[in-house]
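Asker: Got entry-v7.txt for you, compact mmCIF, C-alpha atoms:
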# COMPACT_ATOMS: atom_id res chain seq x y z
CA MET A 1 0.00 0.00 0.00
CA LYS A 2 1.35 3.40 -0.91
CA THR A 3 -1.38 5.79 0.17
CA LYS A 4 -5.03 5.64 1.19
CA ARG A 5 -5.79 8.11 -1.61
CA TRP A 6 -4.40 5.76 -4.25
CA LEU A 7 -6.44 2.82 -2.94
CA THR A 8 -9.59 4.94 -3.10
CA VAL A 9 -8.89 5.84 -6.70
CA MET A 10 -8.21 2.19 -7.56
CA LEU A 11 -11.62 1.22 -6.17
CA ALA A 12 -13.26 4.03 -8.11
CA ALA A 13 -11.52 2.92 -11.27
CA ALA A 14 -12.74 -0.63 -10.82
CA LEU A 15 -16.30 0.71 -11.13
CA THR A 16 -15.47 2.75 -14.23
CA VAL A 17 -15.79 -0.12 -16.67
CA SER A 18 -17.14 1.94 -19.52
CA LEU A 19 -14.34 4.45 -19.18
CA ALA A 20 -11.70 1.73 -19.32
CA ALA A 21 -13.38 0.17 -22.33
CA CYS A 22 -13.51 3.51 -24.11
CA GLY A 23 -9.87 4.09 -23.30
CA GLY A 24 -8.88 0.73 -24.73
CA LYS A 25 -10.47 1.63 -28.06
CA LYS A 26 -8.64 4.97 -28.21
CA GLU A 27 -5.28 3.41 -27.48
CA ASP A 28 -5.83 0.66 -30.04
CA ALA A 29 -6.80 3.20 -32.71
CA ALA A 30 -3.70 5.22 -32.02
CA GLY A 31 -1.56 2.11 -31.93
CA GLU A 32 -2.73 0.94 -35.36
CA ALA A 33 -1.44 4.12 -36.98
CA GLY A 34 2.03 4.05 -35.45
CA ASN A 35 4.76 6.45 -36.46
CA THR A 36 4.67 5.46 -40.10
CA GLY A 37 4.81 8.39 -42.45
CA ASP A 38 1.40 9.63 -43.60
CA LYS A 39 -0.72 7.24 -41.53
CA GLN A 40 -2.97 9.02 -39.09
CA VAL A 41 -1.81 9.36 -35.49
CA THR A 42 -4.00 10.44 -32.59
CA LEU A 43 -2.44 11.86 -29.42
CA ARG A 44 -4.31 12.69 -26.23
CA VAL A 45 -2.82 15.67 -24.38
CA MET A 46 -3.98 16.69 -20.90
CA TRP A 47 -3.08 19.78 -18.87
CA TRP A 48 -4.35 22.14 -16.17
CA GLY A 49 -4.23 25.92 -16.12
CA SER A 50 -6.02 29.20 -16.65
CA GLN A 51 -8.15 30.13 -19.65
CA THR A 52 -5.25 32.07 -21.17
CA ARG A 53 -3.08 28.92 -20.96
CA HIS A 54 -5.82 26.85 -22.54
CA ASP A 55 -6.23 29.32 -25.40
CA ALA A 56 -2.50 29.57 -26.08
CA THR A 57 -2.00 25.79 -25.96
CA LEU A 58 -4.92 25.15 -28.31
CA LYS A 59 -3.48 27.70 -30.73
CA ALA A 60 -0.08 25.98 -30.60
CA ILE A 61 -1.76 22.62 -31.19
CA ASP A 62 -3.49 24.03 -34.28
CA LEU A 63 -0.09 25.07 -35.65
CA TYR A 64 1.41 21.64 -34.94
CA GLU A 65 -1.47 19.86 -36.68
CA GLU A 66 -1.06 22.21 -39.65
CA GLN A 67 2.65 21.33 -39.84
CA ASN A 68 1.96 17.62 -39.26
CA PRO A 69 -1.28 16.79 -41.16
CA ASN A 70 -1.15 13.12 -40.13
CA VAL A 71 -1.37 14.01 -36.42
CA LYS A 72 -4.66 14.63 -34.64
CA ILE A 73 -4.40 15.93 -31.06
CA VAL A 74 -7.27 15.43 -28.64
CA SER A 75 -7.07 18.07 -25.91
CA GLU A 76 -8.24 17.51 -22.33
CA TYR A 77 -7.84 20.46 -19.97
CA SER A 78 -9.16 21.90 -16.72
CA GLY A 79 -8.19 23.95 -13.70
CA TRP A 80 -5.97 22.54 -10.96
CA ASP A 81 -8.95 21.41 -8.87
CA GLY A 82 -9.89 17.87 -9.81
CA TYR A 83 -6.98 17.39 -12.23
CA TRP A 84 -5.12 14.90 -10.06
CA ASP A 85 -8.20 12.89 -9.14
CA LYS A 86 -9.01 12.60 -12.83
CA LEU A 87 -5.45 11.61 -13.79
CA ALA A 88 -5.27 9.03 -11.00
CA THR A 89 -8.60 7.52 -12.08
CA LEU A 90 -7.48 7.37 -15.72
CA SER A 91 -4.22 5.81 -14.59
CA ALA A 92 -5.93 3.11 -12.55
CA ALA A 93 -8.28 2.41 -15.46
CA ARG A 94 -5.28 2.12 -17.83
CA ASN A 95 -6.65 4.97 -19.87
CA MET A 96 -3.85 7.50 -19.39
CA PRO A 97 -3.47 10.29 -21.95
CA ASP A 98 -0.37 9.97 -24.10
CA ILE A 99 1.03 13.30 -22.85
CA PHE A 100 0.16 15.20 -19.69
CA GLN A 101 1.36 17.95 -17.41
CA MET A 102 3.05 16.65 -14.26
CA ASP A 103 3.83 18.44 -11.00
CA ALA A 104 6.85 17.90 -8.74
CA SER A 105 4.52 16.91 -5.89
CA TYR A 106 3.24 13.90 -7.85
CA LEU A 107 6.23 13.07 -10.05
CA GLY A 108 7.81 10.55 -7.68
CA ASP A 109 4.57 8.66 -7.13
CA TYR A 110 3.85 8.14 -10.82
CA ALA A 111 7.49 7.41 -11.64
CA THR A 112 7.96 4.75 -8.95
CA ARG A 113 4.82 3.01 -10.21
CA SER A 114 6.52 2.80 -13.64
CA GLN A 115 3.79 4.87 -15.26
CA LEU A 116 6.04 7.45 -16.94
CA LEU A 117 8.02 6.93 -20.13
CA ASP A 118 11.82 7.07 -19.92
CA TRP A 119 13.23 9.72 -22.26
CA SER A 120 16.57 7.89 -22.69
CA GLY A 121 17.98 8.38 -26.18
CA ALA A 122 16.07 11.60 -26.92
CA ASP A 123 17.99 14.75 -27.85
CA LEU A 124 17.46 17.05 -24.87
CA SER A 125 20.54 19.18 -25.50
CA LYS A 126 18.62 22.45 -26.01
CA LEU A 127 16.92 22.29 -22.61
CA ASP A 128 18.18 23.74 -19.31
CA ALA A 129 20.41 20.98 -17.91
CA ASN A 130 19.89 21.94 -14.26
CA LEU A 131 16.12 21.82 -14.58
CA LEU A 132 16.29 18.58 -16.57
CA GLU A 133 17.95 16.96 -13.57
CA THR A 134 14.88 17.64 -11.44
CA GLY A 135 12.81 15.48 -13.80
CA THR A 136 14.82 12.33 -13.07
CA VAL A 137 13.62 9.64 -10.67
CA GLU A 138 15.78 6.65 -9.79
CA GLY A 139 18.19 7.62 -12.55
CA LYS A 140 15.57 7.83 -15.30
CA GLN A 141 14.51 11.00 -17.13
CA VAL A 142 10.74 10.69 -16.79
CA ALA A 143 9.70 14.34 -17.08
CA LEU A 144 10.82 17.41 -19.01
CA PRO A 145 10.53 20.87 -17.44
CA ALA A 146 7.79 22.93 -19.07
CA GLY A 147 9.29 26.25 -17.96
CA ARG A 148 11.65 28.01 -15.58
CA ASN A 149 10.07 29.17 -12.35
CA SER A 150 10.97 30.54 -8.93
CA TYR A 151 9.25 31.32 -5.64
CA GLY A 152 9.67 34.79 -4.22
CA ILE A 153 7.92 37.96 -3.06
CA VAL A 154 5.44 40.08 -5.00
CA TYR A 155 4.42 43.41 -3.49
CA ASN A 156 2.25 46.42 -4.24
CA LYS A 157 4.83 49.16 -4.70
CA ALA A 158 2.06 51.74 -5.19
CA LEU A 159 0.83 51.09 -1.64
CA PHE A 160 4.40 51.07 -0.32
CA ALA A 161 4.77 54.59 -1.70
CA GLN A 162 1.33 55.68 -0.51
CA TYR A 163 2.06 54.69 3.10
CA GLY A 164 5.70 55.77 3.11
CA ILE A 165 7.22 52.30 3.47
CA GLU A 166 10.62 51.58 1.92
CA GLU A 167 10.61 48.79 -0.66
CA PRO A 168 12.68 45.62 -0.12
CA LYS A 169 16.33 46.06 -1.08
CA GLU A 170 18.60 43.59 -2.82
CA GLY A 171 20.15 41.28 -0.24
CA TRP A 172 17.65 42.03 2.52
CA THR A 173 17.53 39.68 5.52
CA TRP A 174 14.78 38.13 7.61
CA ASP A 175 15.68 40.59 10.37
CA ASP A 176 15.02 43.37 7.84
CA PHE A 177 11.67 41.82 6.99
CA PHE A 178 10.47 41.56 10.60
CA GLU A 179 11.65 45.12 11.30
CA MET A 180 9.79 46.31 8.19
CA ALA A 181 6.62 44.53 9.32
CA ARG A 182 6.71 46.19 12.76
CA ASP A 183 7.47 49.63 11.32
CA ALA A 184 4.68 49.25 8.76
CA ARG A 185 2.12 48.53 11.48
CA ALA A 186 2.45 52.11 12.71
CA LYS A 187 1.89 53.50 9.19
CA LEU A 188 -0.91 51.27 7.91
CA PRO A 189 -4.65 51.68 8.59
CA ASP A 190 -6.49 49.09 10.67
CA GLY A 191 -7.19 45.95 8.64
CA ILE A 192 -4.21 46.43 6.31
CA TYR A 193 -0.94 44.59 6.96
CA LEU A 194 2.50 44.30 5.44
CA SER A 195 2.03 40.60 4.69
CA ARG A 196 0.07 37.46 5.15
CA ASP A 197 1.14 35.23 8.02
CA PHE A 198 4.01 33.41 6.31
CA SER A 199 4.09 30.77 9.04
CA ALA A 200 0.82 29.32 7.69
CA GLY A 201 2.58 27.58 4.81
CA GLU A 202 5.45 25.24 4.11
CA LEU A 203 7.16 27.14 1.30
CA GLU A 204 7.93 30.26 3.33
CA TYR A 205 9.34 28.11 6.12
CA ARG A 206 11.53 26.34 3.55
CA ALA A 207 12.93 29.74 2.57
CA TYR A 208 13.67 30.54 6.23
CA GLN A 209 15.39 27.18 6.85
CA HIS A 210 17.52 27.67 3.73
CA ALA A 211 18.46 31.17 4.90
CA LYS A 212 19.55 29.76 8.27
CA GLY A 213 21.92 27.39 6.48
CA LYS A 214 20.04 24.28 7.62
CA GLY A 215 19.60 22.80 4.18
CA PRO A 216 16.56 21.90 2.06
CA PHE A 217 13.28 20.67 3.50
CA TYR A 218 13.76 17.21 1.98
CA VAL A 219 17.06 15.35 1.75
CA ASP A 220 17.46 11.92 0.12
CA ASN A 221 13.66 11.61 -0.16
CA LYS A 222 13.18 12.17 3.58
CA LEU A 223 11.97 15.08 5.68
CA ASN A 224 14.74 17.42 6.88
CA MET A 225 12.90 19.85 9.17
CA ASP A 226 15.33 21.45 11.60
CA LYS A 227 13.70 21.58 15.03
CA ASP A 228 15.46 24.65 16.44
CA THR A 229 14.83 26.63 13.25
CA TRP A 230 11.16 25.62 13.20
CA LEU A 231 10.64 26.61 16.83
CA GLU A 232 12.40 29.94 16.29
CA TRP A 233 10.29 30.66 13.20
CA SER A 234 7.04 29.70 14.91
CA GLY A 235 7.90 31.76 18.00
CA ILE A 236 8.59 34.93 16.00
CA TRP A 237 5.32 34.66 14.09
CA SER A 238 3.35 33.84 17.21
CA GLN A 239 4.53 37.09 18.78
CA ILE A 240 3.87 39.32 15.79
CA ARG A 241 0.40 37.78 15.41
CA LYS A 242 -0.34 38.73 19.00
CA ASP A 243 0.95 42.23 18.29
CA GLY A 244 -1.33 42.61 15.26
CA VAL A 245 1.67 43.10 12.97
CA VAL A 246 0.58 40.58 10.31
CA ALA A 247 -2.78 39.49 8.97
CA PRO A 248 -4.84 37.42 11.42
CA ALA A 249 -5.13 33.67 10.94
CA GLU A 250 -8.66 33.79 9.52
CA GLN A 251 -7.63 36.27 6.82
CA THR A 252 -4.50 34.34 5.92
CA ILE A 253 -6.29 31.01 5.57
CA SER A 254 -9.16 32.48 3.54
CA ASP A 255 -6.73 33.95 0.98
CA VAL A 256 -7.38 32.51 -2.50
CA GLU A 257 -4.65 33.20 -5.00
CA LEU A 258 -5.59 35.48 -7.91
CA ASP A 259 -9.23 35.64 -6.83
CA THR A 260 -10.56 39.19 -7.03
CA GLN A 261 -12.73 38.64 -3.95
CA PHE A 262 -10.41 36.62 -1.74
CA ASP A 263 -6.81 37.35 -2.73
CA SER A 264 -5.49 39.67 0.00
CA LEU A 265 -2.87 41.29 -2.25
CA VAL A 266 -5.43 42.04 -4.96
CA LYS A 267 -7.88 43.42 -2.39
CA GLY A 268 -5.15 45.59 -0.85
CA THR A 269 -5.44 44.15 2.65
CA VAL A 270 -1.78 43.04 2.52
CA LEU A 271 1.10 44.74 0.72
CA MET A 272 3.12 41.61 -0.09
CA LYS A 273 2.91 37.84 -0.33
CA GLY A 274 4.83 34.84 -1.64
CA THR A 275 4.15 33.63 -5.18
CA HIS A 276 5.77 32.02 -8.21
CA SER A 277 7.42 34.07 -10.93
CA SER A 278 5.15 32.34 -13.46
CA GLN A 279 2.12 34.00 -11.78
CA ILE A 280 3.40 37.58 -11.87
CA ALA A 281 1.79 38.33 -15.23
CA ALA A 282 -1.59 37.17 -13.87
CA TYR A 283 -1.17 39.42 -10.82
CA ASP A 284 -0.22 42.33 -13.05
CA SER A 285 -3.42 41.87 -15.04
CA LEU A 286 -5.32 42.52 -11.79
CA LEU A 287 -2.99 45.27 -10.48
CA PRO A 288 -1.51 46.73 -13.68
CA GLY A 289 1.68 48.70 -13.21
CA LYS A 290 1.53 48.57 -9.41
CA LEU A 291 3.77 45.60 -8.60
CA GLY A 292 7.36 45.02 -7.58
CA VAL A 293 9.19 41.73 -6.99
CA ALA A 294 11.93 40.52 -4.67
CA ALA A 295 13.75 37.39 -3.64
CA PHE A 296 12.96 35.97 -0.23
CA PRO A 297 15.10 37.42 2.56
CA SER A 298 18.49 35.83 3.17
CA GLY A 299 20.52 34.99 6.25
CA ALA A 300 23.61 32.82 6.47
CA GLU A 301 22.58 31.72 2.96
CA ALA A 302 20.03 32.71 0.32
CA GLY A 303 16.46 31.67 0.90
CA GLY A 304 15.11 31.20 -2.63
CA TRP A 305 15.34 28.48 -5.24
CA LEU A 306 14.67 27.91 -8.93
CA LYS A 307 12.39 25.12 -10.08
CA PRO A 308 10.50 23.93 -13.10
CA THR A 309 7.07 25.50 -13.31
CA PHE A 310 5.96 21.89 -13.74
CA TYR A 311 6.69 19.16 -16.30
CA TRP A 312 5.55 17.36 -19.40
CA SER A 313 5.44 13.57 -19.04
CA ILE A 314 4.44 10.75 -21.37
CA SER A 315 2.53 7.65 -20.32
CA ALA A 316 4.70 4.54 -20.19
CA GLY A 317 1.77 2.70 -21.79
CA THR A 318 1.46 4.94 -24.84
CA LYS A 319 1.52 3.29 -28.23
CA GLN A 320 2.74 6.52 -29.77
CA ALA A 321 5.99 7.05 -27.88
CA GLU A 322 7.99 8.63 -30.71
CA GLU A 323 5.18 10.92 -31.88
CA SER A 324 4.55 11.94 -28.27
CA LYS A 325 8.22 12.81 -27.77
CA LYS A 326 8.25 14.72 -31.03
CA PHE A 327 5.29 16.88 -29.98
CA VAL A 328 6.64 17.67 -26.49
CA LEU A 329 10.06 18.61 -27.86
CA TRP A 330 8.35 20.82 -30.42
CA LEU A 331 6.48 22.64 -27.63
CA LEU A 332 9.74 23.22 -25.75
CA ASN A 333 12.20 23.85 -28.60
CA ASP A 334 10.34 25.42 -31.51
CA PRO A 335 10.57 29.24 -31.69
CA GLU A 336 7.16 29.51 -33.41
CA ALA A 337 5.55 27.47 -30.64
CA GLY A 338 7.37 29.69 -28.15
CA LYS A 339 5.93 32.84 -29.71
CA ILE A 340 2.43 31.46 -29.14
CA LEU A 341 2.97 30.09 -25.64
CA LYS A 342 5.33 32.86 -24.44
CA THR A 343 5.52 32.55 -20.63
CA GLU A 344 2.25 30.69 -20.05
CA ARG A 345 4.23 27.84 -18.49
CA GLY A 346 7.03 29.97 -17.12
CA THR A 347 10.15 31.29 -18.83
CA PRO A 348 11.16 28.98 -21.73
CA VAL A 349 13.69 26.27 -20.86
CA SER A 350 15.34 26.70 -24.26
CA ASP A 351 17.63 29.74 -24.65
CA GLU A 352 16.85 29.76 -28.38
CA VAL A 353 13.12 30.06 -27.69
CA MET A 354 13.73 32.71 -25.03
CA ALA A 355 15.70 34.79 -27.53
CA ALA A 356 12.89 34.42 -30.08
CA ILE A 357 10.18 35.74 -27.78
CA GLU A 358 12.10 38.35 -25.78
CA ALA A 359 11.11 41.28 -27.99
CA ASP A 360 7.43 40.35 -27.66
CA LEU A 361 7.34 40.06 -23.86
CA THR A 362 5.01 42.42 -22.03
CA ASP A 363 6.13 44.46 -19.04
CA ALA A 364 4.32 41.92 -16.85
CA ASP A 365 6.24 39.04 -18.45
CA LYS A 366 9.47 40.93 -17.86
CA LEU A 367 8.56 41.48 -14.20
CA GLY A 368 8.24 37.72 -13.72
CA GLN A 369 11.60 37.27 -15.42
CA GLN A 370 13.03 39.93 -13.09
CA MET A 371 11.95 37.90 -10.05
CA LEU A 372 13.52 34.79 -11.52
CA GLU A 373 16.79 36.61 -12.17
CA LYS A 374 16.90 38.06 -8.64
CA ILE A 375 16.57 34.58 -7.17
CA ALA A 376 18.91 32.95 -9.70
CA LYS A 377 21.86 34.99 -8.42
CA ASN A 378 22.07 32.85 -5.26
CA ALA A 379 19.56 30.09 -5.88
CA GLN A 380 19.35 27.11 -3.57
CA PRO A 381 18.91 23.62 -5.08
CA PHE A 382 15.33 22.57 -5.64
CA THR A 383 14.12 19.43 -3.88
CA ALA A 384 10.76 17.94 -4.80
CA GLN A 385 8.35 16.30 -2.41
CA PRO A 386 9.40 12.62 -2.14
CA PRO A 387 7.36 9.77 -3.64
CA GLY A 388 4.41 8.79 -1.46
CA TYR A 389 4.36 12.06 0.48
CA ASN A 390 1.13 13.56 -0.87
CA ASP A 391 -0.97 12.65 2.16
CA PHE A 392 1.90 13.76 4.36
CA GLY A 393 2.00 17.18 2.67
CA ARG A 394 -1.71 17.75 3.25
CA ASP A 395 -1.60 16.57 6.88
CA MET A 396 1.55 18.58 7.58
CA ASN A 397 -0.02 21.79 6.33
CA ASN A 398 -3.12 21.14 8.43
CA THR A 399 -0.84 20.72 11.44
CA ILE A 400 1.03 23.94 10.63
CA GLN A 401 -2.24 25.83 10.35
CA SER A 402 -3.40 24.50 13.72
CA VAL A 403 -0.47 26.41 15.26
CA ILE A 404 -1.56 29.77 13.92
CA PHE A 405 -5.07 29.16 15.30
CA ASN A 406 -3.51 28.32 18.69
CA LYS A 407 -4.98 24.83 18.65
CA THR A 408 -1.57 23.29 19.28
CA THR A 409 1.92 24.44 20.25
CA PRO A 410 4.91 24.62 17.87
CA GLU A 411 6.59 21.87 19.91
CA LYS A 412 3.63 19.50 19.58
CA ALA A 413 3.23 20.41 15.91
CA TYR A 414 6.87 19.50 15.28
CA GLU A 415 6.38 16.13 17.00
CA THR A 416 3.23 15.49 14.97
CA ILE A 417 4.98 16.33 11.69
CA GLN A 418 7.90 14.04 12.52
CA LYS A 419 5.47 11.21 13.31
CA LEU A 420 3.60 11.83 10.06
CA ALA A 421 6.89 11.56 8.17
CA ALA A 422 7.86 8.37 10.02
CA ASP A 423 4.46 6.80 9.33
CA THR A 424 4.76 7.75 5.66
CA GLU A 425 8.19 6.14 5.42
CA ALA A 426 6.88 2.98 7.10
CA SER A 427 3.92 2.75 4.71
CA LEU A 428 6.25 2.85 1.71
CA LYS A 429 8.30 -0.16 2.79
Just give me the structure as structure tokens.
Answerer:
Amino acid sequence: MKTKRWLTVMLAAALTVSLAACGGKKEDAAGEAGNTGDKQVTLRVMWWGSQTRHDATLKAIDLYEEQNPNVKIVSEYSGWDGYWDKLATLSAARNMPDIFQMDASYLGDYATRSQLLDWSGADLSKLDANLLETGTVEGKQVALPAGRNSYGIVYNKALFAQYGIEEPKEGWTWDDFFEMARDARAKLPDGIYLSRDFSAGELEYRAYQHAKGKGPFYVDNKLNMDKDTWLEWSGIWSQIRKDGVVAPAEQTISDVELDTQFDSLVKGTVLMKGTHSSQIAAYDSLLPGKLGVAAFPSGAEAGGWLKPTFYWSISAGTKQAEESKKFVLWLLNDPEAGKILKTERGTPVSDEVMAAIEADLTDADKLGQQMLEKIAKNAQPFTAQPPGYNDFGRDMNNTIQSVIFNKTTPEKAYETIQKLAADTEASLK
């Protein structure tokens, strides 16, 4: 048994007889064509994203089909919600799409179940070598990075100016951040704060642990959560919550990214928050011309890291392996495809494609690239969530959030998280 979630999906798939039957027909039809010149080939491609990503991807697919008249691409797309349940059900029913977007949080699970095609022998020379490495599991290249991404700070520089608060400087530290938060409290109206409560999430803590020189959150596919650093972090945030320096727990937890009603940055109830560089353009569309970006504060070391936005993977069971590889490499390497997709999946992982689209980038695109470049100067290595840790990640974040609501202490939360990790390791053996 790997996870309770996977068993649930397996049971659901067992009831989905018609779906499996339908899938068998599709795979057989595609398999009959093969990669044989002018014979028709059908590829199923599945991804998640926003409407702008859907539109750009469909436009790129139209161009590919025009250039390759024997290829028909069936598109399946949605938002993030429900994507993984659907993919897991299709996987259990042996009805996987040929090509699909993959996230670092799920990569290990699918790879260790031998469900992802090995890219050995393919020419990947034009792609960012460092990011390529993150798509390997147990020595096999099972995913290609769809774009370059980073996690840093986005802030409303217009409000910084309005309230007389100095913007983050290059090389700022966590001490600078906490001092800024306290100083801002005296300048901001009631109900408006410098930031969300960063202690409510894992990623901001990762940045703090990196800055303290205590290494990445995961090492050798195991949790590496430094106890003293965690307790220090939790203690600082507990105090500034009590002092009303940062947004209260209820406001932090109700924040919904890029939602005009519930995103605290968009509403103006906080001046800064953590986000990915690939999302800066979307934020700019809601707050045009008002945003600035920064790397996370540093300490003994830098706090930020570079990562793939996410990946493209191919089903190990596809009967169109070569055509699938050809299409994915076209998406990543072809300048014309790049001009359509631009930064919808992050900054291109091919320097040639980046050069082709640079002149067409909007100011918002360039702002996202600026964040990436700030972090790249001293980037920490990226470590993905280990295989089998999806339930752990959810339960850990629930435990972290119980601290900010004062339902448990940081010490007990640490013990709970360590036990969750130990139980996860035991379940994988």
Asker: Once you count all atoms listed in the file, which residues end up no further than 9 Å from (-4.6, 47.1, 9.6) in the file's frame, shown as number ranges by chain?
Answerer: A: 185, 188-194, 244-247, 269-270
Asker: Would you work out the distance separating CA of Arg241 (chain A) from CA of Val266 (chain A), expressed in Å to one decimal?
Answerer: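 Calculated distance between CA of Arg241 (chain A) and CA of Val266 (chain A) is 21.6 Å.
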Asker: Give me the residues near region 317-331 of chain A as a PyMOL selection string, where near means some atom within 10 Å (using all atoms listed in the file) and where sequence neighbours in that chain fewer than 4 positions away do not count.
Answerer: chain A and resi 27-36+41-45+57+60-61+64-65+68+71+73+91+94-100+114-119+122-124+126-127+144+146+312-313+335-338+340-341+348+353
Asker: Measure the distance from CA of Tyr389 (chain A) to CA of Leu223 (chain A) in Å and round it to one decimal.
Answerer: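 About the pair CA of Tyr389 (chain A) and CA of Leu223 (chain A): they are 9.7 Å apart.
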Asker: List as number ranges by chain the protein and nucleic acid residues near Ser350 (chain A), meaning an atom at most 9 Å away when all atoms listed in the file are counted, but skip any in the same chain fewer than 6 places from it.
Answerer: A: 126-128, 147, 332-334
Asker: So the first atom is CA of Glu250 (chain A) and the second is CA of Ile404 (chain A); what is the distance between them in Å, to one decimal place?
Answerer: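 Computing it gives 9.3 Å between the two atoms.
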Asker: Quick one: of A:Pro387, A:Gly346, A:Gly79, A:Gly268, who's nearest to Leu287 (chain A), counting all atoms listed in the file?
Answerer: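 Ranking A:Pro387, A:Gly346, A:Gly79, A:Gly268 by distance to Leu287 (chain A), first place goes to A:Gly268.
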Asker: Please determine, counting all atoms listed in the file, which residue among A:Gln239, A:Asn378, A:Ser315, A:Gln40 has the shortest atom-to-atom distance to Glu301 (chain A).
Answerer: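 The shortest atom-to-atom distance to Glu301 (chain A) comes from A:Asn378.
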Asker: With all atoms listed in the file as the atoms that count, which of A:Gly121, A:Lys429, A:Asn397, A:Arg206 lies nearest to Thr416 (chain A)?
Answerer: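 Counting all atoms listed in the file, the residue closest to Thr416 (chain A) is A:Asn397.
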